[in-house]
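Q: PDB, C-alpha atoms, saved as my_file.pdb, coming up:
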ATOM      1  CA  MET K   1      -7.887   5.871  20.619
ATOM      2  CA  ILE K   2      -9.641   5.781  17.226
ATOM      3  CA  LYS K   3      -7.697   2.668  16.147
ATOM      4  CA  GLN K   4      -8.451   0.958  19.444
ATOM      5  CA  ILE K   5     -12.167   1.661  19.053
ATOM      6  CA  LYS K   6     -12.083   0.297  15.493
ATOM      7  CA  TYR K   7     -10.398  -2.887  16.731
ATOM      8  CA  PHE K   8     -13.052  -3.208  19.441
ATOM      9  CA  GLN K   9     -15.823  -2.747  16.863
ATOM     10  CA  ALA K  10     -14.250  -5.382  14.606
ATOM     11  CA  VAL K  11     -14.155  -7.947  17.437
ATOM     12  CA  ILE K  12     -17.858  -7.372  18.122
ATOM     13  CA  LYS K  13     -18.761  -7.377  14.421
ATOM     14  CA  TYR K  14     -17.095 -10.745  13.770
ATOM     15  CA  ASN K  15     -17.645 -12.139  17.282
ATOM     16  CA  SER K  16     -14.068 -13.333  17.117
ATOM     17  CA  PHE K  17     -10.654 -11.973  18.037
ATOM     18  CA  THR K  18      -9.071 -14.150  15.339
ATOM     19  CA  LYS K  19     -11.340 -12.988  12.503
ATOM     20  CA  ALA K  20     -11.118  -9.355  13.644
ATOM     21  CA  ALA K  21      -7.318  -9.547  13.697
ATOM     22  CA  GLU K  22      -7.318 -10.916  10.143
ATOM     23  CA  GLU K  23      -9.598  -8.133   8.906
ATOM     24  CA  CYS K  24      -7.500  -5.459  10.659
ATOM     25  CA  TYR K  25      -4.205  -6.997   9.469
ATOM     26  CA  ILE K  26      -2.664  -7.270  12.933
ATOM     27  CA  SER K  27      -1.928 -10.259  15.157
ATOM     28  CA  GLN K  28      -4.520 -11.694  17.519
ATOM     29  CA  SER K  29      -2.358 -10.892  20.545
ATOM     30  CA  ALA K  30      -1.941  -7.284  19.355
ATOM     31  CA  ILE K  31      -5.680  -6.693  18.932
ATOM     32  CA  SER K  32      -6.320  -8.154  22.384
ATOM     33  CA  GLN K  33      -3.682  -5.851  23.880
ATOM     34  CA  GLN K  34      -5.177  -2.820  22.132
ATOM     35  CA  ILE K  35      -8.649  -3.541  23.507
ATOM     36  CA  SER K  36      -7.220  -4.015  27.006
ATOM     37  CA  ALA K  37      -5.474  -0.658  26.621
ATOM     38  CA  LEU K  38      -8.789   0.911  25.583
ATOM     39  CA  GLU K  39     -10.483  -0.510  28.672
ATOM     40  CA  ASN K  40      -7.679   0.819  30.871
ATOM     41  CA  GLU K  41      -7.952   4.276  29.336
ATOM     42  CA  LEU K  42     -11.730   4.358  29.766
ATOM     43  CA  GLY K  43     -11.576   2.832  33.218
ATOM     44  CA  VAL K  44     -14.340   0.331  32.423
ATOM     45  CA  THR K  45     -14.580  -3.307  31.374
ATOM     46  CA  LEU K  46     -16.015  -3.604  27.867
ATOM     47  CA  LEU K  47     -15.705  -7.354  27.383
ATOM     48  CA  GLN K  48     -16.255 -10.135  29.880
ATOM     49  CA  ARG K  49     -13.725 -12.817  28.913
ATOM     50  CA  ASN K  50     -14.168 -16.522  29.595
ATOM     51  CA  GLY K  51     -11.338 -18.467  28.007
ATOM     52  CA  ARG K  52     -11.673 -18.046  24.238
ATOM     53  CA  LYS K  53     -15.248 -16.803  24.560
ATOM     54  CA  PHE K  54     -16.366 -13.313  25.489
ATOM     55  CA  SER K  55     -19.508 -11.249  25.953
ATOM     56  CA  LEU K  56     -20.265  -7.554  26.066
ATOM     57  CA  THR K  57     -20.707  -5.963  29.449
ATOM     58  CA  PRO K  58     -23.570  -3.426  29.747
ATOM     59  CA  ALA K  59     -20.967  -0.670  29.520
ATOM     60  CA  GLY K  60     -19.413  -2.379  26.511
ATOM     61  CA  GLU K  61     -22.750  -2.660  24.715
ATOM     62  CA  TYR K  62     -23.461   1.035  25.281
ATOM     63  CA  PHE K  63     -19.962   2.028  24.148
ATOM     64  CA  TYR K  64     -20.192  -0.144  21.017
ATOM     65  CA  LYS K  65     -23.559   1.243  19.876
ATOM     66  CA  SER K  66     -22.585   4.821  20.672
ATOM     67  CA  THR K  67     -19.320   4.760  18.740
ATOM     68  CA  LEU K  68     -20.515   3.073  15.529
ATOM     69  CA  GLY K  69     -21.160   6.335  13.681
ATOM     70  CA  LEU K  70     -18.803   8.436  15.753
ATOM     71  CA  VAL K  71     -15.585   6.894  14.415
ATOM     72  CA  ASN K  72     -16.375   7.589  10.762
ATOM     73  CA  GLU K  73     -17.437  11.133  11.555
ATOM     74  CA  LEU K  74     -14.293  11.790  13.574
ATOM     75  CA  GLU K  75     -12.053  10.381  10.822
ATOM     76  CA  LEU K  76     -13.674  12.727   8.302
ATOM     77  CA  ILE K  77     -13.145  15.691  10.620
ATOM     78  CA  CYS K  78      -9.473  14.785  11.143
ATOM     79  CA  SER K  79      -8.964  14.265   7.414
ATOM     80  CA  GLU K  80     -10.452  17.625   6.535
ATOM     81  CA  ALA K  81      -8.473  19.388   9.274
ATOM     82  CA  LYS K  82      -5.227  17.931   7.936
ATOM     83  CA  ARG K  83      -6.146  18.920   4.397
ATOM     84  CA  ILE K  84      -6.828  22.511   5.432
ATOM     85  CA  ALA K  85      -3.648  22.698   7.519
ATOM     86  CA  ASN K  86      -1.438  21.286   4.794
ATOM     87  CA  ASP K  87      -3.053  23.225   1.892
ATOM     88  CA  ARG K  88      -1.699  20.907  -0.770
ATOM     89  CA  SER K  89      -3.271  22.780  -3.703
ATOM     90  CA  ASP K  90       0.079  23.080  -5.530
ATOM     91  CA  THR K  91       1.316  19.604  -4.672
ATOM     92  CA  LEU K  92       0.403  16.037  -5.485
ATOM     93  CA  SER K  93       1.558  13.333  -3.090
ATOM     94  CA  VAL K  94       1.667   9.780  -4.451
ATOM     95  CA  GLY K  95       2.617   6.576  -2.699
ATOM     96  CA  TYR K  96       3.586   3.469  -4.636
ATOM     97  CA  LEU K  97       4.347  -0.150  -3.792
ATOM     98  CA  LYS K  98       8.110  -0.498  -3.683
ATOM     99  CA  SER K  99       8.026  -4.187  -4.614
ATOM    100  CA  TYR K 100       6.109  -3.412  -7.828
ATOM    101  CA  ASP K 101       8.371  -2.389 -10.709
ATOM    102  CA  SER K 102       6.346  -0.792 -13.472
ATOM    103  CA  THR K 103       7.374   1.185 -16.509
ATOM    104  CA  ALA K 104       3.809   2.537 -16.651
ATOM    105  CA  ILE K 105       4.222   4.310 -13.303
ATOM    106  CA  GLN K 106       7.534   5.874 -14.328
ATOM    107  CA  LEU K 107       6.053   7.103 -17.601
ATOM    108  CA  ALA K 108       3.012   8.539 -15.793
ATOM    109  CA  PHE K 109       5.197  10.527 -13.407
ATOM    110  CA  ALA K 110       7.315  11.801 -16.286
ATOM    111  CA  GLU K 111       4.355  12.918 -18.423
ATOM    112  CA  PHE K 112       2.566  14.563 -15.499
ATOM    113  CA  ALA K 113       5.721  16.510 -14.577
ATOM    114  CA  GLU K 114       6.055  17.666 -18.185
ATOM    115  CA  ARG K 115       2.414  18.775 -18.486
ATOM    116  CA  TYR K 116       2.175  20.390 -15.045
ATOM    117  CA  PRO K 117       5.634  21.745 -14.159
ATOM    118  CA  GLU K 118       4.113  24.085 -11.542
ATOM    119  CA  VAL K 119       2.942  21.111  -9.425
ATOM    120  CA  ASN K 120       5.336  19.742  -6.848
ATOM    121  CA  ILE K 121       5.105  15.922  -6.948
ATOM    122  CA  SER K 122       5.856  14.198  -3.660
ATOM    123  CA  ILE K 123       6.610  10.483  -4.066
ATOM    124  CA  THR K 124       6.785   7.902  -1.281
ATOM    125  CA  SER K 125       7.400   4.167  -1.551
ATOM    126  CA  GLY K 126       6.438   1.505   0.951
ATOM    127  CA  ASN K 127       4.798  -1.829   1.524
ATOM    128  CA  HIS K 128       1.038  -2.363   1.507
ATOM    129  CA  GLU K 129       0.418  -1.406   5.140
ATOM    130  CA  LYS K 130       2.481   1.775   4.991
ATOM    131  CA  LEU K 131       0.595   2.935   1.890
ATOM    132  CA  TYR K 132      -2.750   2.005   3.438
ATOM    133  CA  HIS K 133      -2.055   4.202   6.450
ATOM    134  CA  LEU K 134      -0.767   7.049   4.274
ATOM    135  CA  LEU K 135      -4.143   7.031   2.556
ATOM    136  CA  ILE K 136      -6.468   6.749   5.549
ATOM    137  CA  GLU K 137      -4.418   9.308   7.516
ATOM    138  CA  ASN K 138      -4.641  11.752   4.607
ATOM    139  CA  LYS K 139      -0.872  11.841   4.124
ATOM    140  CA  ALA K 140      -1.072  10.919   0.431
ATOM    141  CA  ASP K 141      -3.452  12.065  -2.294
ATOM    142  CA  ILE K 142      -3.141   8.827  -4.245
ATOM    143  CA  VAL K 143      -1.652   5.459  -3.388
ATOM    144  CA  LEU K 144      -0.786   2.797  -5.953
ATOM    145  CA  ASN K 145      -1.129  -0.440  -4.050
ATOM    146  CA  ASP K 146      -2.110  -4.086  -4.287
ATOM    147  CA  GLN K 147      -5.611  -5.017  -3.116
ATOM    148  CA  ARG K 148      -5.642  -6.903   0.171
ATOM    149  CA  ARG K 149      -8.902  -5.592   1.611
ATOM    150  CA  ALA K 150     -12.467  -5.249   0.372
ATOM    151  CA  PHE K 151     -12.954  -1.943  -1.429
ATOM    152  CA  ASN K 152     -14.055   0.908   0.851
ATOM    153  CA  LYS K 153     -16.902   3.046  -0.501
ATOM    154  CA  ALA K 154     -15.327   6.176   0.982
ATOM    155  CA  TYR K 155     -12.522   5.888  -1.584
ATOM    156  CA  ASN K 156     -12.174   5.659  -5.326
ATOM    157  CA  ASN K 157     -10.836   2.175  -6.044
ATOM    158  CA  LEU K 158      -9.497   1.961  -9.591
ATOM    159  CA  ILE K 159      -8.114  -1.388 -10.750
ATOM    160  CA  LEU K 160      -5.138  -0.634 -12.985
ATOM    161  CA  ARG K 161      -4.097  -4.202 -13.677
ATOM    162  CA  THR K 162      -5.094  -7.738 -12.711
ATOM    163  CA  SER K 163      -2.194 -10.103 -13.079
ATOM    164  CA  ALA K 164      -1.198 -13.634 -12.189
ATOM    165  CA  CYS K 165       0.931 -14.181  -9.091
ATOM    166  CA  ASN K 166       4.380 -15.486  -9.940
ATOM    167  CA  ILE K 167       7.556 -16.412  -8.185
ATOM    168  CA  GLU K 168      11.027 -15.634  -9.450
ATOM    169  CA  ILE K 169      13.554 -18.387  -8.875
ATOM    170  CA  SER K 170      17.105 -19.161  -9.958
ATOM    171  CA  SER K 171      17.126 -20.482 -13.520
ATOM    172  CA  ARG K 172      19.395 -23.292 -12.302
ATOM    173  CA  HIS K 173      16.776 -24.639  -9.891
ATOM    174  CA  PRO K 174      14.593 -27.587 -11.078
ATOM    175  CA  ILE K 175      11.390 -25.653 -10.222
ATOM    176  CA  ALA K 176      12.349 -23.160 -12.929
ATOM    177  CA  GLN K 177      11.440 -25.852 -15.479
ATOM    178  CA  LEU K 178       7.875 -26.282 -14.187
ATOM    179  CA  GLU K 179       4.821 -24.732 -15.863
ATOM    180  CA  SER K 180       3.463 -23.705 -12.433
ATOM    181  CA  VAL K 181       4.212 -24.241  -8.754
ATOM    182  CA  GLU K 182       2.111 -24.694  -5.605
ATOM    183  CA  PRO K 183       3.065 -23.125  -2.256
ATOM    184  CA  PHE K 184       3.660 -26.530  -0.628
ATOM    185  CA  GLN K 185       6.341 -27.287  -3.234
ATOM    186  CA  LEU K 186       8.313 -24.297  -1.967
ATOM    187  CA  LYS K 187       8.230 -25.102   1.764
ATOM    188  CA  ASP K 188      11.904 -26.091   1.913
ATOM    189  CA  MET K 189      13.127 -22.878   0.247
ATOM    190  CA  PRO K 190      13.320 -19.404   1.833
ATOM    191  CA  CYS K 191      10.764 -16.886   0.574
ATOM    192  CA  ILE K 192      12.383 -13.512  -0.092
ATOM    193  CA  LEU K 193      10.182 -10.491   0.662
ATOM    194  CA  VAL K 194      10.898  -6.813   0.078
ATOM    195  CA  ALA K 195      10.252  -5.007   3.359
ATOM    196  CA  SER K 196      11.954  -2.740   5.846
ATOM    197  CA  GLU K 197      12.457  -3.942   9.410
ATOM    198  CA  LYS K 198       9.221  -2.254  10.587
ATOM    199  CA  GLU K 199       7.213  -3.791   7.735
ATOM    200  CA  ARG K 200       8.411  -7.375   8.016
ATOM    201  CA  GLU K 201       5.794  -8.805  10.359
ATOM    202  CA  ASN K 202       2.846  -7.592   8.263
ATOM    203  CA  GLU K 203       4.370  -8.839   5.017
ATOM    204  CA  ARG K 204       5.225 -12.228   6.510
ATOM    205  CA  ASP K 205       1.730 -12.632   7.967
ATOM    206  CA  TYR K 206       0.088 -11.760   4.645
ATOM    207  CA  TYR K 207       2.101 -14.191   2.537
ATOM    208  CA  ARG K 208       1.833 -16.932   5.141
ATOM    209  CA  ASP K 209      -1.863 -16.583   6.029
ATOM    210  CA  TYR K 210      -3.424 -15.386   2.753
ATOM    211  CA  ILE K 211      -1.146 -16.627  -0.019
ATOM    212  CA  GLY K 212      -0.335 -19.875   1.787
ATOM    213  CA  ILE K 213       3.463 -19.635   1.847
ATOM    214  CA  LYS K 214       4.854 -22.039   4.467
ATOM    215  CA  SER K 215       8.542 -21.339   3.864
ATOM    216  CA  ASP K 216      10.981 -19.545   6.101
ATOM    217  CA  PHE K 217      11.276 -15.859   5.207
ATOM    218  CA  VAL K 218      14.265 -13.749   4.203
ATOM    219  CA  PHE K 219      13.982  -9.988   3.768
ATOM    220  CA  ALA K 220      15.481  -7.567   1.269
ATOM    221  CA  GLU K 221      15.249  -3.774   1.197
ATOM    222  CA  THR K 222      14.738  -3.488  -2.579
ATOM    223  CA  THR K 223      13.541  -5.627  -5.489
ATOM    224  CA  ASP K 224      17.047  -5.458  -6.948
ATOM    225  CA  GLU K 225      18.493  -6.933  -3.763
ATOM    226  CA  ALA K 226      15.784  -9.610  -3.771
ATOM    227  CA  ARG K 227      16.623 -10.607  -7.339
ATOM    228  CA  MET K 228      20.329 -10.797  -6.555
ATOM    229  CA  LEU K 229      19.517 -13.221  -3.743
ATOM    230  CA  VAL K 230      17.364 -15.236  -6.150
ATOM    231  CA  ALA K 231      20.108 -15.312  -8.784
ATOM    232  CA  GLY K 232      22.497 -16.583  -6.118
ATOM    233  CA  GLY K 233      20.175 -19.462  -5.246
ATOM    234  CA  ARG K 234      19.249 -18.061  -1.815
ATOM    235  CA  GLY K 235      15.483 -18.512  -2.233
ATOM    236  CA  TYR K 236      12.528 -17.395  -4.326
ATOM    237  CA  PHE K 237      10.808 -14.022  -4.685
ATOM    238  CA  PRO K 238       7.012 -13.508  -5.043
ATOM    239  CA  ALA K 239       7.129 -11.159  -8.019
ATOM    240  CA  GLU K 240       4.698  -8.267  -8.352
ATOM    241  CA  SER K 241       6.351  -6.412 -11.226
ATOM    242  CA  GLU K 242       5.375  -6.684 -14.873
ATOM    243  CA  ASP K 243       8.486  -8.402 -16.261
ATOM    244  CA  ILE K 244      11.940  -9.521 -15.230
ATOM    245  CA  PRO K 245      14.498  -6.797 -16.029
ATOM    246  CA  LYS K 246      16.696  -7.698 -18.983
ATOM    247  CA  HIS K 247      19.878  -7.908 -16.910
ATOM    248  CA  TYR K 248      18.313 -10.730 -14.837
ATOM    249  CA  ALA K 249      16.761 -12.619 -17.753
ATOM    250  CA  GLU K 250      19.526 -15.245 -17.924
ATOM    251  CA  THR K 251      19.773 -15.942 -14.193
ATOM    252  CA  VAL K 252      16.176 -15.607 -12.964
ATOM    253  CA  THR K 253      13.064 -17.447 -14.205
ATOM    254  CA  ARG K 254       9.451 -16.569 -13.477
ATOM    255  CA  VAL K 255       7.012 -19.403 -12.643
ATOM    256  CA  PRO K 256       3.225 -18.937 -12.122
ATOM    257  CA  LEU K 257       2.031 -19.546  -8.556
ATOM    258  CA  THR K 258      -1.123 -21.656  -8.255
ATOM    259  CA  PHE K 259      -3.312 -23.046  -5.491
ATOM    260  CA  ARG K 260      -4.877 -26.459  -6.127
ATOM    261  CA  GLY K 261      -4.265 -25.950  -9.823
ATOM    262  CA  GLU K 262      -5.941 -22.540  -9.994
ATOM    263  CA  ALA K 263      -3.850 -19.486 -10.862
ATOM    264  CA  LEU K 264      -3.517 -16.970  -8.043
ATOM    265  CA  ARG K 265      -4.278 -13.446  -9.206
ATOM    266  CA  LYS K 266      -3.816 -10.003  -7.690
ATOM    267  CA  ASN K 267      -5.252  -6.564  -8.392
ATOM    268  CA  TYR K 268      -2.971  -3.545  -8.556
ATOM    269  CA  CYS K 269      -4.991  -0.406  -7.918
ATOM    270  CA  ALA K 270      -5.041   3.350  -7.499
ATOM    271  CA  PHE K 271      -6.839   4.544  -4.369
ATOM    272  CA  TRP K 272      -7.844   8.076  -3.409
ATOM    273  CA  ASP K 273     -10.323   9.644  -0.982
ATOM    274  CA  LYS K 274     -13.588  10.736  -2.598
ATOM    275  CA  GLN K 275     -13.579  13.859  -0.427
ATOM    276  CA  ASN K 276     -10.065  14.897  -1.443
ATOM    277  CA  LYS K 277     -10.485  18.066  -3.512
ATOM    278  CA  ASN K 278      -6.918  18.256  -4.843
ATOM    279  CA  PRO K 279      -7.492  19.374  -8.464
ATOM    280  CA  HIS K 280      -4.456  17.457  -9.755
ATOM    281  CA  ILE K 281      -5.678  13.986  -8.824
ATOM    282  CA  GLU K 282      -7.963  13.605 -11.852
ATOM    283  CA  ALA K 283      -5.229  14.692 -14.267
ATOM    284  CA  PHE K 284      -2.710  12.234 -12.855
ATOM    285  CA  ILE K 285      -5.205   9.358 -12.840
ATOM    286  CA  LYS K 286      -6.068   9.955 -16.517
ATOM    287  CA  ILE K 287      -2.394   9.818 -17.470
ATOM    288  CA  LEU K 288      -1.849   6.740 -15.313
ATOM    289  CA  GLN K 289      -4.754   4.877 -16.948
ATOM    290  CA  GLN K 290      -3.326   5.615 -20.397
ATOM    291  CA  LYS K 291       0.057   4.193 -19.411
ATOM    292  CA  PHE K 292      -1.459   1.021 -18.017
TER     293      PHE K 292
END
Write the structure described by the file as structure tokens, please.

A:
Amino acid sequence: MIKQIKYFQAVIKYNSFTKAAEECYISQSAISQQISALENELGVTLLQRNGRKFSLTPAGEYFYKSTLGLVNELELICSEAKRIANDRSDTLSVGYLKSYDSTAIQLAFAEFAERYPEVNISITSGNHEKLYHLLIENKADIVLNDQRRAFNKAYNNLILRTSACNIEISSRHPIAQLESVEPFQLKDMPCILVASEKERENERDYYRDYIGIKSDFVFAETTDEARMLVAGGRGYFPAESEDIPKHYAETVTRVPLTFRGEALRKNYCAFWDKQNKNPHIEAFIKILQQKF
């Protein structure tokens, strides 16, 4: 019910189902369904709908005002309860973006393991949404993720690297000779995204609605698979890694992605809850900063 209440609050905050859906990174139909489910569970009508417009019912206004502070308080209680139950004092759980290849991350894991052999490091990979939920549900101490939302003051938000957005494309393709490329120039080519079946809708929506990709989408499970598709001329890959691996250097070319002539840029960050008392977080972050 917490998620449903947060969706309801977002709709009221932005006075729009569309804007609320964008901020919550779900579809407009999904957020509408979740609010209807909330109303069914409560047994009251919260919103009076009239076509695309809506207004708060008296019950809805009371529920909205009463739950504004309650949700944050309840999330903190749940987070602390999970921390106590799991007792992760001798472990460090880290989530990282599986489409982001970085030597710095590998070196950080290796050095931390060497310095603190008594600490059990749990590592999980995933797309942006999976990592986001690992963090807010207190299932990871640190997540290494791209920034797609405004920074939340409840978390430490450390920018590790700001880099230009690029695409990787077959070196044989004419676009590989360009100094930069705009999304509209790619509309006739498939865009290859790294995502599992459960993650595909969120990744497609992000690249279509926020990056401006209008292509059809093809999905790969790993960056290596994505690059093999690129090398075979099956489409292009929005690259998030630092460099093209040497064994792809002759078959794959990286081209900067721009919008109206301006370079698109993305932050890659480390996020962790300010209330997380795991003593190993600070040590890992220091090592990670050195590697970046």

Q: Looking at all atoms listed in the file, which of K:Ile244, K:Leu186, K:Ala195, K:Ala20 is the one that sits closest to Lys130 of chain K?

A: K:Ala195

Q: How would you write, as an MDAnalysis selection string, the residues chosen by the PyMOL selection byres ((chain K and resi 218) around 6) on this structure?

A: chainID K and resid 191:192 217 219

Q: In Å to one decimal, how far is atom CA of Ala150 of chain K from atom CA of Pro183 of chain K?

A: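 Distance reported for this atom pair: 23.8 Å.
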
Q: Let me know the residues the PyMOL selection byres ((chain K and resi 215) around 10) catches in the file above, as a PyMOL selection string.

A: chain K and resi 183-192+207-208+212-214+216-218+235-236

Q: Smallest atom-to-atom distance to Val252 of chain K: which of K:Ser170, K:Asn278, K:Asn156, K:Gln177, using only C-alpha atoms?

A: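 Among K:Ser170, K:Asn278, K:Asn156, K:Gln177, it is K:Ser170 that comes nearest to Val252 of chain K.
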
Q: Of the candidates K:Arg234, K:Lys3, K:Arg227, K:Arg260, which one gets nearest to His173 of chain K if we count all atoms listed in the file?

A: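 Closest candidate: K:Arg234.
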
Q: Pull out every residue that the PyMOL selection byres ((chain K and resi 57-60) around 12) matches in the shown coordinates and put them as a list in words.

A: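 So the PyMOL selection byres ((chain K and resi 57-60) around 12) ends up selecting Ile5, Phe8, Gln9, Val11, Ile12, Ile35, Leu38, Glu39, Leu42, Gly43, Val44, Thr45, Leu46, Leu47, Gln48, Arg49, Phe54, Ser55, Leu56, Glu61, Tyr62, Phe63, Tyr64, Lys65, Ser66 and Thr67 of chain K.
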
Q: Give the answer as one residue: which of K:Leu178, K:Ile167, K:Leu288, K:Ala249 has the shortest atom-to-atom distance to Thr103 of chain K, using only C-alpha atoms?

A: K:Leu288

Q: Report the centre and edge lengths, in Å to one decimal, of an axis-aligned box enclosing every atom of segment 3-20 of chain K listed in the file, padded by 5 Å on each side, as JSON.

A:
{"center_x": -13.2, "center_y": -5.7, "center_z": 16.0, "size_x": 21.1, "size_y": 26.8, "size_z": 16.9}

Q: Find the residue from K:Ser102, K:Asn138, K:Asn127, K:Ser36 that sits nearest to Asp273 of chain K; use all atoms listed in the file when measuring.

A: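 Looking only at the distances to Asp273 of chain K, the closest residue turns out to be K:Asn138.
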
Q: So what do you get for atom CA of Ile31 of chain K versus atom CA of Gln4 of chain K, distance-wise?

A: 8.2 Å

Q: Select, from K:Thr223, K:Ala164, K:Arg200, K:Lys291, the residue with the minimum atom-to-atom distance to Glu262 of chain K, counting only C-alpha atoms.

A: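 Nearest to Glu262 of chain K: K:Ala164.
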
Q: How far is it from atom CA of Tyr210 of chain K to atom CA of Arg172 of chain K, in Å with one decimal?

A: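 Pair atom CA of Tyr210 of chain K / atom CA of Arg172 of chain K returns 28.5 Å.
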
Q: Tell me which protein, DNA and RNA residues are within 10 Å of Val194 of chain K, counting only C-alpha atoms, leaving out same-chain ones fewer than 3 positions away, and put them as a list in words.

A: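 Contacts, in chain order: Lys98, Ser99, Tyr100, Gly126, Asn127, Glu197, Glu199, Arg200, Glu203, Val218, Phe219, Ala220, Glu221, Thr222, Thr223, Asp224, Glu225, Ala226, Phe237, Pro238 and Ala239 of chain K.
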
Q: (-1.5, -3.1, -3.9) in this file's frame - what residues fall within 7 Å of it? Use all atoms listed in the file and give the answer as a PDB file with C-alpha atoms, in the coordinates of the input.

A:
ATOM      1  CA  LEU K  97       4.347  -0.150  -3.792  1.00  0.00           C
ATOM      2  CA  HIS K 128       1.038  -2.363   1.507  1.00  0.00           C
ATOM      3  CA  LEU K 144      -0.786   2.797  -5.953  1.00  0.00           C
ATOM      4  CA  ASN K 145      -1.129  -0.440  -4.050  1.00  0.00           C
ATOM      5  CA  ASP K 146      -2.110  -4.086  -4.287  1.00  0.00           C
ATOM      6  CA  GLN K 147      -5.611  -5.017  -3.116  1.00  0.00           C
ATOM      7  CA  ARG K 148      -5.642  -6.903   0.171  1.00  0.00           C
ATOM      8  CA  ASN K 267      -5.252  -6.564  -8.392  1.00  0.00           C
ATOM      9  CA  TYR K 268      -2.971  -3.545  -8.556  1.00  0.00           C
ATOM     10  CA  CYS K 269      -4.991  -0.406  -7.918  1.00  0.00           C
TER      11      CYS K 269
END
